[in-house]
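Trainee: Pasting input-v1.cif here (mmCIF, C-alpha atoms and all ligand atoms):
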data_upload
loop_
_atom_site.label_atom_id
_atom_site.label_comp_id
_atom_site.auth_asym_id
_atom_site.auth_seq_id
_atom_site.Cartn_x
_atom_site.Cartn_y
_atom_site.Cartn_z
CA MET A 1 130.74 113.05 115.79
CA THR A 2 127.81 115.24 116.80
CA GLY A 3 125.99 118.26 115.45
CA LYS A 4 122.58 119.71 114.76
CA VAL A 5 120.02 117.59 112.92
CA ALA A 6 116.63 118.76 111.65
CA VAL A 7 113.94 116.09 111.41
CA PHE A 8 110.93 116.90 109.21
CA GLY A 9 107.93 114.92 110.38
CA ALA A 10 106.78 114.48 113.99
CA GLY A 11 105.01 111.23 113.24
CA SER A 12 105.78 107.74 114.39
CA TRP A 13 109.15 107.28 112.70
CA GLY A 14 110.36 110.89 112.74
CA THR A 15 109.91 110.94 116.52
CA ALA A 16 111.45 107.52 117.17
CA PHE A 17 114.43 108.24 114.92
CA SER A 18 114.93 111.54 116.74
CA ILE A 19 115.47 109.50 119.90
CA VAL A 20 118.19 107.51 118.09
CA LEU A 21 119.80 110.74 116.91
CA ALA A 22 119.68 112.31 120.36
CA ASP A 23 121.05 109.15 121.99
CA ALA A 24 123.87 109.25 119.41
CA GLY A 25 124.82 112.73 120.64
CA ASN A 26 123.08 115.06 118.18
CA ASP A 27 121.02 118.14 118.96
CA VAL A 28 117.69 117.46 117.25
CA THR A 29 114.97 119.86 116.15
CA ILE A 30 111.79 118.21 114.93
CA TRP A 31 109.61 120.13 112.49
CA ALA A 32 105.95 119.35 113.22
CA ARG A 33 103.17 120.07 110.75
CA ARG A 34 100.84 121.06 113.57
CA GLU A 35 102.05 123.80 115.91
CA GLU A 36 100.31 122.24 118.90
CA VAL A 37 102.29 119.02 118.41
CA ALA A 38 105.55 121.02 118.51
CA ASP A 39 104.37 122.87 121.62
CA ARG A 40 103.43 119.66 123.38
CA ILE A 41 106.82 118.08 122.58
CA ASN A 42 108.60 121.13 124.04
CA GLU A 43 106.39 121.35 127.13
CA ARG A 44 106.02 117.67 128.03
CA HIS A 45 109.01 116.01 126.31
CA GLU A 46 106.60 113.44 124.95
CA ASN A 47 104.84 112.94 121.59
CA ALA A 48 101.77 111.33 123.07
CA ASP A 49 99.92 111.01 119.74
CA TYR A 50 102.52 108.55 118.47
CA HIS A 51 104.59 107.24 121.39
CA PRO A 52 102.61 107.73 124.58
CA GLY A 53 104.64 107.21 127.71
CA VAL A 54 108.01 107.56 125.97
CA GLN A 55 110.08 110.35 127.49
CA LEU A 56 112.02 112.28 124.83
CA PRO A 57 115.64 113.17 125.67
CA PRO A 58 116.42 116.84 126.49
CA ALA A 59 118.44 117.17 123.24
CA ILE A 60 115.14 117.01 121.29
CA SER A 61 113.07 120.13 120.73
CA ALA A 62 110.34 120.87 118.19
CA THR A 63 109.09 123.74 116.08
CA HIS A 64 106.52 124.48 113.41
CA ASP A 65 108.88 127.05 111.84
CA VAL A 66 110.87 125.63 108.90
CA GLU A 67 113.63 128.23 109.14
CA LYS A 68 114.17 127.56 112.84
CA ALA A 69 114.14 123.81 112.25
CA VAL A 70 116.99 123.85 109.73
CA HIS A 71 119.03 126.64 111.37
CA ASP A 72 122.65 125.38 111.72
CA ALA A 73 121.68 121.84 110.67
CA ASP A 74 124.25 119.89 108.68
CA VAL A 75 121.91 116.90 108.42
CA VAL A 76 118.24 117.19 107.40
CA VAL A 77 116.13 114.08 107.91
CA LEU A 78 112.87 113.63 105.99
CA ALA A 79 110.10 111.53 107.57
CA THR A 80 106.79 112.41 105.95
CA PRO A 81 104.56 110.14 103.83
CA SER A 82 106.20 109.40 100.45
CA GLN A 83 103.31 110.78 98.43
CA THR A 84 103.51 114.23 100.05
CA LEU A 85 107.30 114.61 100.01
CA ARG A 86 107.52 116.49 96.72
CA ASP A 87 105.05 119.20 97.76
CA ASN A 88 106.64 119.42 101.20
CA LEU A 89 110.13 119.80 99.78
CA VAL A 90 109.11 122.56 97.40
CA GLU A 91 108.29 124.60 100.51
CA TRP A 92 111.27 123.51 102.59
CA ALA A 93 114.08 123.45 100.00
CA PRO A 94 114.76 127.23 99.97
CA PHE A 95 115.61 127.06 103.69
CA VAL A 96 117.84 123.96 103.64
CA PRO A 97 121.51 124.91 104.18
CA ASP A 98 123.56 124.46 100.98
CA ARG A 99 125.86 121.81 102.36
CA ALA A 100 123.40 119.87 104.50
CA VAL A 101 123.01 116.17 103.76
CA LEU A 102 119.38 115.15 103.13
CA VAL A 103 118.42 111.79 104.61
CA SER A 104 115.27 109.96 103.55
CA LEU A 105 113.58 107.70 106.11
CA MET A 106 110.66 107.08 103.76
CA LYS A 107 109.66 103.76 102.22
CA GLY A 108 107.62 104.40 99.12
CA VAL A 109 107.65 105.15 95.39
CA GLU A 110 105.89 108.24 94.07
CA LEU A 111 102.68 107.64 92.12
CA GLY A 112 102.74 108.98 88.58
CA THR A 113 106.45 109.78 88.31
CA LEU A 114 107.45 106.36 89.76
CA ALA A 115 110.38 108.14 91.41
CA ARG A 116 112.19 106.78 94.45
CA MET A 117 112.42 109.23 97.35
CA SER A 118 116.10 110.03 96.69
CA GLU A 119 115.11 110.91 93.12
CA VAL A 120 112.37 113.23 94.35
CA ILE A 121 114.86 114.89 96.70
CA ALA A 122 117.39 115.34 93.88
CA GLU A 123 114.78 116.78 91.51
CA VAL A 124 113.31 119.27 93.95
CA THR A 125 116.43 120.42 95.81
CA GLY A 126 119.04 120.01 93.07
CA ALA A 127 121.31 118.28 95.61
CA GLY A 128 123.91 115.91 94.17
CA PRO A 129 124.12 112.21 95.12
CA ASP A 130 126.81 112.99 97.72
CA ARG A 131 124.21 115.00 99.65
CA ILE A 132 121.40 112.45 99.54
CA ALA A 133 121.19 109.40 101.80
CA VAL A 134 118.70 106.78 102.91
CA VAL A 135 118.20 104.99 106.21
CA SER A 136 116.33 101.69 106.03
CA GLY A 137 116.00 98.33 107.77
CA PRO A 138 113.80 96.42 110.23
CA ASN A 139 112.93 99.43 112.36
CA LEU A 140 109.37 99.27 113.69
CA SER A 141 109.16 102.62 115.41
CA PRO A 142 107.48 101.62 118.71
CA GLU A 143 110.37 99.21 119.37
CA ILE A 144 112.99 101.81 118.39
CA ALA A 145 111.30 104.39 120.65
CA ARG A 146 111.57 101.89 123.53
CA ARG A 147 115.27 101.55 122.69
CA GLU A 148 115.02 97.84 121.90
CA PRO A 149 118.20 96.75 120.06
CA ALA A 150 118.01 97.04 116.27
CA ALA A 151 120.20 97.51 113.22
CA GLY A 152 119.75 99.47 110.03
CA VAL A 153 121.48 100.53 106.83
CA VAL A 154 122.73 104.04 106.03
CA ALA A 155 123.12 104.28 102.26
CA CYS A 156 124.74 106.98 100.15
CA THR A 157 126.53 106.60 96.84
CA ASP A 158 129.39 108.52 98.48
CA GLU A 159 130.84 106.07 100.99
CA GLY A 160 132.47 108.83 103.04
CA VAL A 161 129.09 110.50 103.57
CA ALA A 162 127.54 107.15 104.53
CA GLN A 163 130.32 106.69 107.08
CA MET A 164 129.81 110.20 108.45
CA LEU A 165 126.10 109.50 108.89
CA GLN A 166 126.81 106.10 110.39
CA GLY A 167 128.68 107.90 113.17
CA ARG A 168 125.83 110.35 113.61
CA VAL A 169 123.16 107.64 114.09
CA HIS A 170 125.10 105.03 116.07
CA SER A 171 123.39 104.94 119.47
CA PRO A 172 123.66 102.37 122.28
CA ALA A 173 120.52 100.62 120.93
CA PHE A 174 120.84 101.24 117.18
CA ARG A 175 123.63 99.71 115.11
CA PRO A 176 123.96 101.19 111.59
CA TYR A 177 125.79 99.56 108.67
CA THR A 178 126.92 101.54 105.64
CA SER A 179 126.02 100.85 102.04
CA THR A 180 126.51 102.63 98.73
CA ASP A 181 123.45 100.89 97.24
CA VAL A 182 120.76 103.56 97.50
CA ILE A 183 118.58 101.87 94.85
CA GLY A 184 118.61 98.49 96.63
CA CYS A 185 117.77 100.04 100.00
CA GLU A 186 114.93 102.14 98.60
CA ILE A 187 113.33 99.39 96.54
CA GLY A 188 113.70 96.95 99.45
CA GLY A 189 112.06 99.45 101.80
CA ALA A 190 109.16 100.28 99.51
CA TYR A 191 108.54 96.69 98.40
CA LYS A 192 108.41 95.16 101.87
CA ASN A 193 105.31 97.24 102.59
CA VAL A 194 103.51 95.62 99.65
CA VAL A 195 104.63 92.15 100.72
CA GLY A 196 103.55 93.07 104.26
CA ILE A 197 100.01 93.70 103.02
CA ALA A 198 99.98 90.25 101.35
CA ALA A 199 101.35 88.56 104.48
CA GLY A 200 98.80 90.35 106.64
CA MET A 201 96.02 89.36 104.28
CA ALA A 202 97.05 85.70 104.51
CA ALA A 203 97.02 85.95 108.32
CA GLY A 204 93.59 87.60 108.18
CA LEU A 205 92.31 84.66 106.14
CA GLY A 206 93.50 82.39 108.96
CA PHE A 207 96.64 80.95 107.39
CA GLY A 208 99.80 80.25 109.37
CA ASP A 209 103.56 80.24 109.18
CA ASN A 210 104.03 78.22 105.98
CA THR A 211 101.93 80.71 104.08
CA ARG A 212 103.75 83.67 105.61
CA ALA A 213 107.19 82.20 104.87
CA SER A 214 106.14 81.50 101.29
CA VAL A 215 104.85 85.06 100.84
CA ILE A 216 108.04 86.51 102.35
CA THR A 217 110.32 84.38 100.19
CA ARG A 218 108.47 84.90 96.91
CA GLY A 219 108.10 88.57 97.79
CA LEU A 220 111.83 88.79 98.27
CA ALA A 221 112.43 87.11 94.89
CA GLU A 222 110.20 89.68 93.25
CA THR A 223 111.83 92.58 95.12
CA ALA A 224 115.29 91.40 94.08
CA ARG A 225 114.19 90.96 90.45
CA LEU A 226 113.02 94.55 90.19
CA ALA A 227 115.82 96.06 92.28
CA THR A 228 118.62 94.38 90.34
CA LYS A 229 117.02 95.39 87.05
CA LEU A 230 117.18 98.97 88.31
CA GLY A 231 120.87 98.57 89.18
CA ALA A 232 120.86 97.36 92.81
CA ASN A 233 123.34 94.92 94.30
CA PRO A 234 121.41 91.64 94.89
CA LEU A 235 123.21 91.22 98.23
CA THR A 236 121.48 94.35 99.54
CA LEU A 237 118.17 92.50 99.28
CA MET A 238 119.57 89.68 101.43
CA GLY A 239 120.44 92.25 104.10
CA LEU A 240 118.69 94.46 106.64
CA ALA A 241 116.96 96.70 104.07
CA GLY A 242 115.65 93.64 102.21
CA LEU A 243 115.08 90.37 104.04
CA GLY A 244 115.47 91.97 107.48
CA ASP A 245 112.72 94.49 106.96
CA LEU A 246 110.50 91.94 105.19
CA VAL A 247 110.66 89.59 108.17
CA ALA A 248 109.91 92.35 110.69
CA THR A 249 107.06 93.82 108.66
CA CYS A 250 105.44 90.54 107.65
CA SER A 251 105.64 89.13 111.20
CA SER A 252 104.76 92.02 113.47
CA PRO A 253 101.33 93.25 114.55
CA LEU A 254 103.06 96.65 114.94
CA SER A 255 103.37 96.97 111.15
CA ARG A 256 100.71 99.26 109.70
CA ASN A 257 101.00 97.55 106.30
CA ARG A 258 100.62 94.06 107.72
CA THR A 259 97.68 95.24 109.82
CA PHE A 260 96.07 96.81 106.75
CA GLY A 261 96.38 93.49 104.91
CA GLU A 262 95.08 91.52 107.87
CA LYS A 263 91.93 93.63 107.93
CA LEU A 264 91.47 93.07 104.19
CA GLY A 265 91.83 89.33 104.80
CA ARG A 266 89.15 89.51 107.48
CA GLY A 267 86.78 91.01 104.93
CA MET A 268 86.89 94.74 105.67
CA SER A 269 86.78 97.12 102.70
CA VAL A 270 89.63 99.50 101.88
CA ASP A 271 87.42 102.50 102.74
CA GLU A 272 86.55 101.02 106.13
CA ILE A 273 90.21 100.36 106.89
CA VAL A 274 91.37 103.80 105.71
CA ALA A 275 88.73 105.41 107.94
CA GLN A 276 90.26 103.55 110.92
CA THR A 277 93.92 104.15 110.00
CA ARG A 278 95.58 107.29 111.33
CA GLN A 279 99.13 106.55 110.26
CA VAL A 280 100.50 105.99 106.79
CA ALA A 281 100.52 102.45 105.30
CA GLU A 282 102.77 103.18 102.32
CA GLY A 283 102.17 99.89 100.52
CA VAL A 284 98.55 100.83 99.81
CA LYS A 285 99.78 103.35 97.24
CA SER A 286 103.22 101.99 96.42
CA CYS A 287 101.75 98.66 95.25
CA HIS A 288 100.55 100.61 92.23
CA SER A 289 103.71 102.63 91.62
CA LEU A 290 105.92 99.55 92.04
CA ARG A 291 103.69 97.58 89.67
CA GLU A 292 104.05 100.35 87.09
CA LEU A 293 107.78 100.68 87.68
CA ALA A 294 108.13 96.94 87.07
CA ALA A 295 106.02 97.11 83.92
CA ARG A 296 108.14 99.98 82.62
CA ASN A 297 111.22 97.82 83.17
CA ASP A 298 109.66 94.60 81.89
CA VAL A 299 109.91 92.78 85.23
CA ASP A 300 107.36 90.18 86.35
CA VAL A 301 105.89 91.15 89.76
CA PRO A 302 102.79 89.00 90.42
CA LEU A 303 102.58 89.79 94.11
CA ALA A 304 102.55 93.56 93.58
CA GLN A 305 99.95 93.10 90.83
CA TYR A 306 97.66 91.08 93.09
CA VAL A 307 98.05 93.46 96.02
CA ASP A 308 97.30 96.40 93.71
CA ASP A 309 94.18 94.61 92.42
CA LEU A 310 93.15 93.73 95.98
CA VAL A 311 93.58 97.28 97.28
CA ALA A 312 91.73 98.66 94.25
CA GLY A 313 88.84 96.26 94.95
CA ARG A 314 89.25 94.36 91.67
CA ILE A 315 89.70 91.02 93.46
CA SER A 316 88.85 89.64 96.90
CA ALA A 317 91.37 88.21 99.37
CA ASP A 318 90.11 84.66 98.67
CA GLN A 319 90.43 85.20 94.92
CA MET A 320 93.94 86.56 95.38
CA MET A 321 95.09 83.43 97.22
CA ASP A 322 93.47 81.14 94.62
CA GLU A 323 94.96 83.05 91.71
CA MET A 324 98.45 83.23 93.22
CA LEU A 325 98.51 79.49 93.79
CA GLY A 326 96.95 78.69 90.42
CA ARG A 327 99.45 80.59 88.30
CA PRO A 328 101.37 78.57 85.71
CA THR A 329 104.19 76.77 87.52
CA LYS A 330 107.85 77.52 86.85
CA ALA A 331 111.39 77.06 88.17
CA GLU A 332 112.08 78.80 91.49
CA THR A 333 115.00 80.85 90.23
CA ASP A 334 113.41 82.01 86.95
N1 LIG Z 401 106.78 103.95 111.59
C1 LIG Z 401 107.76 103.14 111.29
O1 LIG Z 401 107.97 102.15 112.00
C2 LIG Z 401 108.63 103.39 110.13
C3 LIG Z 401 108.22 104.21 109.09
N2 LIG Z 401 109.04 104.40 108.01
C4 LIG Z 401 108.64 105.28 106.91
O2 LIG Z 401 108.72 106.62 107.36
C5 LIG Z 401 107.76 107.41 106.64
C6 LIG Z 401 106.92 108.18 107.63
O3 LIG Z 401 106.22 107.23 108.39
P1 LIG Z 401 105.64 107.45 109.85
O4 LIG Z 401 106.36 108.51 110.58
O5 LIG Z 401 105.58 106.14 110.46
O6 LIG Z 401 104.18 107.96 109.46
P2 LIG Z 401 103.11 108.68 110.38
O7 LIG Z 401 101.83 108.57 109.68
O8 LIG Z 401 103.24 108.19 111.78
O9 LIG Z 401 103.62 110.20 110.40
C7 LIG Z 401 103.70 110.96 109.23
C8 LIG Z 401 104.06 112.38 109.60
O10 LIG Z 401 103.97 113.17 108.42
C9 LIG Z 401 103.05 114.22 108.64
N3 LIG Z 401 102.30 114.48 107.43
C10 LIG Z 401 101.24 113.83 106.93
N4 LIG Z 401 100.82 114.41 105.80
C11 LIG Z 401 101.65 115.44 105.59
C12 LIG Z 401 101.72 116.45 104.61
N5 LIG Z 401 100.85 116.51 103.60
N6 LIG Z 401 102.71 117.35 104.72
C13 LIG Z 401 103.59 117.32 105.72
N7 LIG Z 401 103.57 116.40 106.69
C14 LIG Z 401 102.60 115.48 106.61
C15 LIG Z 401 102.14 113.77 109.76
O11 LIG Z 401 101.60 114.89 110.44
C16 LIG Z 401 103.12 113.00 110.63
O12 LIG Z 401 103.85 113.88 111.44
C17 LIG Z 401 106.96 106.44 105.77
O13 LIG Z 401 107.49 106.45 104.47
C18 LIG Z 401 107.22 105.09 106.41
O14 LIG Z 401 107.15 104.02 105.49
C19 LIG Z 401 110.26 103.81 107.92
C20 LIG Z 401 110.71 103.01 108.93
C21 LIG Z 401 109.94 102.73 110.12
O1 LIG Z 402 109.11 100.22 107.97
C1 LIG Z 402 108.72 99.74 109.00
C2 LIG Z 402 109.52 98.77 109.79
O2 LIG Z 402 110.82 98.69 109.32
C3 LIG Z 402 107.36 100.07 109.50
O3 LIG Z 402 106.44 99.29 108.85
P1 LIG Z 402 104.94 99.78 108.69
O4 LIG Z 402 104.99 101.07 107.90
O5 LIG Z 402 104.24 98.69 108.00
O6 LIG Z 402 104.42 100.01 110.08
#
In structure tokens, how does this file's structure come out?
Mentor:
Amino acid sequence: MTGKVAVFGAGSWGTAFSIVLADAGNDVTIWARREEVADRINERHENADYHPGVQLPPAISATHDVEKAVHDADVVVLATPSQTLRDNLVEWAPFVPDRAVLVSLMKGVELGTLARMSEVIAEVTGAGPDRIAVVSGPNLSPEIARREPAAGVVACTDEGVAQMLQGRVHSPAFRPYTSTDVIGCEIGGAYKNVVGIAAGMAAGLGFGDNTRASVITRGLAETARLATKLGANPLTLMGLAGLGDLVATCSSPLSRNRTFGEKLGRGMSVDEIVAQTRQVAEGVKSCHSLRELAARNDVDVPLAQYVDDLVAGRISADQMMDEMLGRPTKAETD
């Protein structure tokens, strides 16, 4: 199965996922926010700002023109920061073909509305659930761009659409699994960024593998608590979009969220880190929206609370470790 795919966002993940799509046989047009980025992709077949040295396949072209990007596309992939998606979509939605499936690659929860990305897409475009899908999993983009083997989840409440997309993104290096659990995949994807900040912070404080494994496992418990309350299948959180992505993010120096946390652990301030960070670290904002989403649903999420307090400068990294360990004890499965 092949066809034309539009990818909105010429950043780290939009570009790497375009390689997957091209390798899977699709014609891909990337929409770039900056015209010069689109020009450079077309001229040099490289997106040197994000993946220097990676040659893009000939099936990938780029444009700054929204209408050209979506022309003839039956799949529209969205890869911008979560907090800008709504404004972006307001501009793009009038041009999206009526029957195109919209695929979110984003891992965040909107501040204020506390909406997941599929909910933002539904609200702005009016598309039904059979036209909205999510791709998630342990997919650090530099490794995907180098075509290192990886797996992911393609989720849509309509299983037939998930299967169609599975065929469209199955490349020699990328193995997609289907799911109908959009909520589980989205909460898993957004939450792992928050846990990644905590794991990075622990590493920055000098702690080792026991600490990281404890953060990952308790982070997963918290993720599953919130996701299942919102209607997710608990097994999704044991899979690629849950545990898989948590392990990759919390372990890898390639993760922007883990790196952000590590710098906090080493004593840098949020402002100093933000000034150094060019790419989006979604957990820095989603820690707050996830905390609020949990509060709205009466779910206990200590890790998200501490990360939110840490990022907001209300507690230090040392205090966060002390407070997490000093909390009243309880049964593991409570
Ligand atoms: N990089 C990765 O390894 C992965 C990232 N993701 C998710 O994909 C989403 C995008 O991440 P990346 O591509 O890595 O981020 P990035 O920071 O590398 O790129 C973001 C892209 O969005 C554009 N952008 C920024 N502000 C914008 C605005 N106001 N309007 C329109 N475009 C804007 C940037 O120019 C850039 O092209 C995030 O939600 C992230 O969590 C998911 C899986 C893997
Ligand atoms: O989502 C990712 C890996 O699956 C990328 O993680 P970071 O956004 O922390 O780099």
Trainee: What are the closest atom pairs, with distances in Å to one decimal, for each residue of chain A lying within 8 Å of ligand LIG 402 (chain Z), using only C-alpha atoms and all ligand atoms, rows by chain and rising residue number, as a Markdown table?
Mentor:
| residue | atom | partner | partner_atom | distance |
| --- | --- | --- | --- | --- |
| A:Lys107 | CA | Z:LIG402 | O1 | 6.8 |
| A:Ser136 | CA | Z:LIG402 | O2 | 7.1 |
| A:Gly137 | CA | Z:LIG402 | O2 | 5.4 |
| A:Pro138 | CA | Z:LIG402 | O2 | 3.9 |
| A:Asn139 | CA | Z:LIG402 | O2 | 3.8 |
| A:Leu140 | CA | Z:LIG402 | C2 | 3.9 |
| A:Ser141 | CA | Z:LIG402 | C3 | 6.7 |
| A:Gly189 | CA | Z:LIG402 | O1 | 6.9 |
| A:Lys192 | CA | Z:LIG402 | O1 | 8.0 |
| A:Asn193 | CA | Z:LIG402 | O5 | 5.7 |
| A:Gly196 | CA | Z:LIG402 | O5 | 6.8 |
| A:Asp245 | CA | Z:LIG402 | O2 | 5.2 |
| A:Leu246 | CA | Z:LIG402 | O2 | 7.9 |
| A:Ala248 | CA | Z:LIG402 | C2 | 6.5 |
| A:Thr249 | CA | Z:LIG402 | O3 | 5.5 |
| A:Leu254 | CA | Z:LIG402 | O6 | 6.1 |
| A:Ser255 | CA | Z:LIG402 | O6 | 3.4 |
| A:Arg256 | CA | Z:LIG402 | O6 | 3.8 |
| A:Asn257 | CA | Z:LIG402 | O5 | 3.8 |
| A:Arg258 | CA | Z:LIG402 | O5 | 5.9 |
| A:Thr259 | CA | Z:LIG402 | O5 | 7.6 |
| A:Val280 | CA | Z:LIG402 | O4 | 6.8 |
| A:Ala281 | CA | Z:LIG402 | O4 | 5.4 |
| A:Glu282 | CA | Z:LIG402 | O4 | 6.4 |
| A:Gly283 | CA | Z:LIG402 | O5 | 7.9 |
Trainee: Give me the residues within 9 Å of region 19-22 of chain A as number ranges by chain, counting all atoms listed in the file and dropping any in the same chain fewer than 5 places off.
Mentor: A: 5, 14, 27-28, 56-60, 144-145, 147, 168-174
Trainee: What separation in Å, quoted to one decimal, exists between atom C21 of ligand LIG 401 (chain Z) and CA of Met324 (chain A)?
Mentor: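 These atoms are spaced 28.2 Å apart.
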Trainee: Could you check the closest approach to Ala24 (chain A) for each of A:Leu165, A:Ala38, A:Ala6, A:Ala62 and tell me which residue wins, using all atoms listed in the file?
Mentor: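 Going through A:Leu165, A:Ala38, A:Ala6, A:Ala62 one by one, the smallest distance to Ala24 (chain A) is for A:Leu165.
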Trainee: Select, from A:Val161, A:Leu226, A:Val75, A:Val109, the residue with the minimum atom-to-atom distance to ligand LIG 401 (chain Z), counting all atoms listed in the file.
Mentor: A:Val109
Trainee: Determine the nearest neighbour of ligand LIG 401 (chain Z) from the options A:Ala227, A:Ile187, A:Met164, A:Met321, counting all atoms listed in the file.
Mentor: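 Using all atoms listed in the file, the shortest distance to ligand LIG 401 (chain Z) belongs to A:Ile187.
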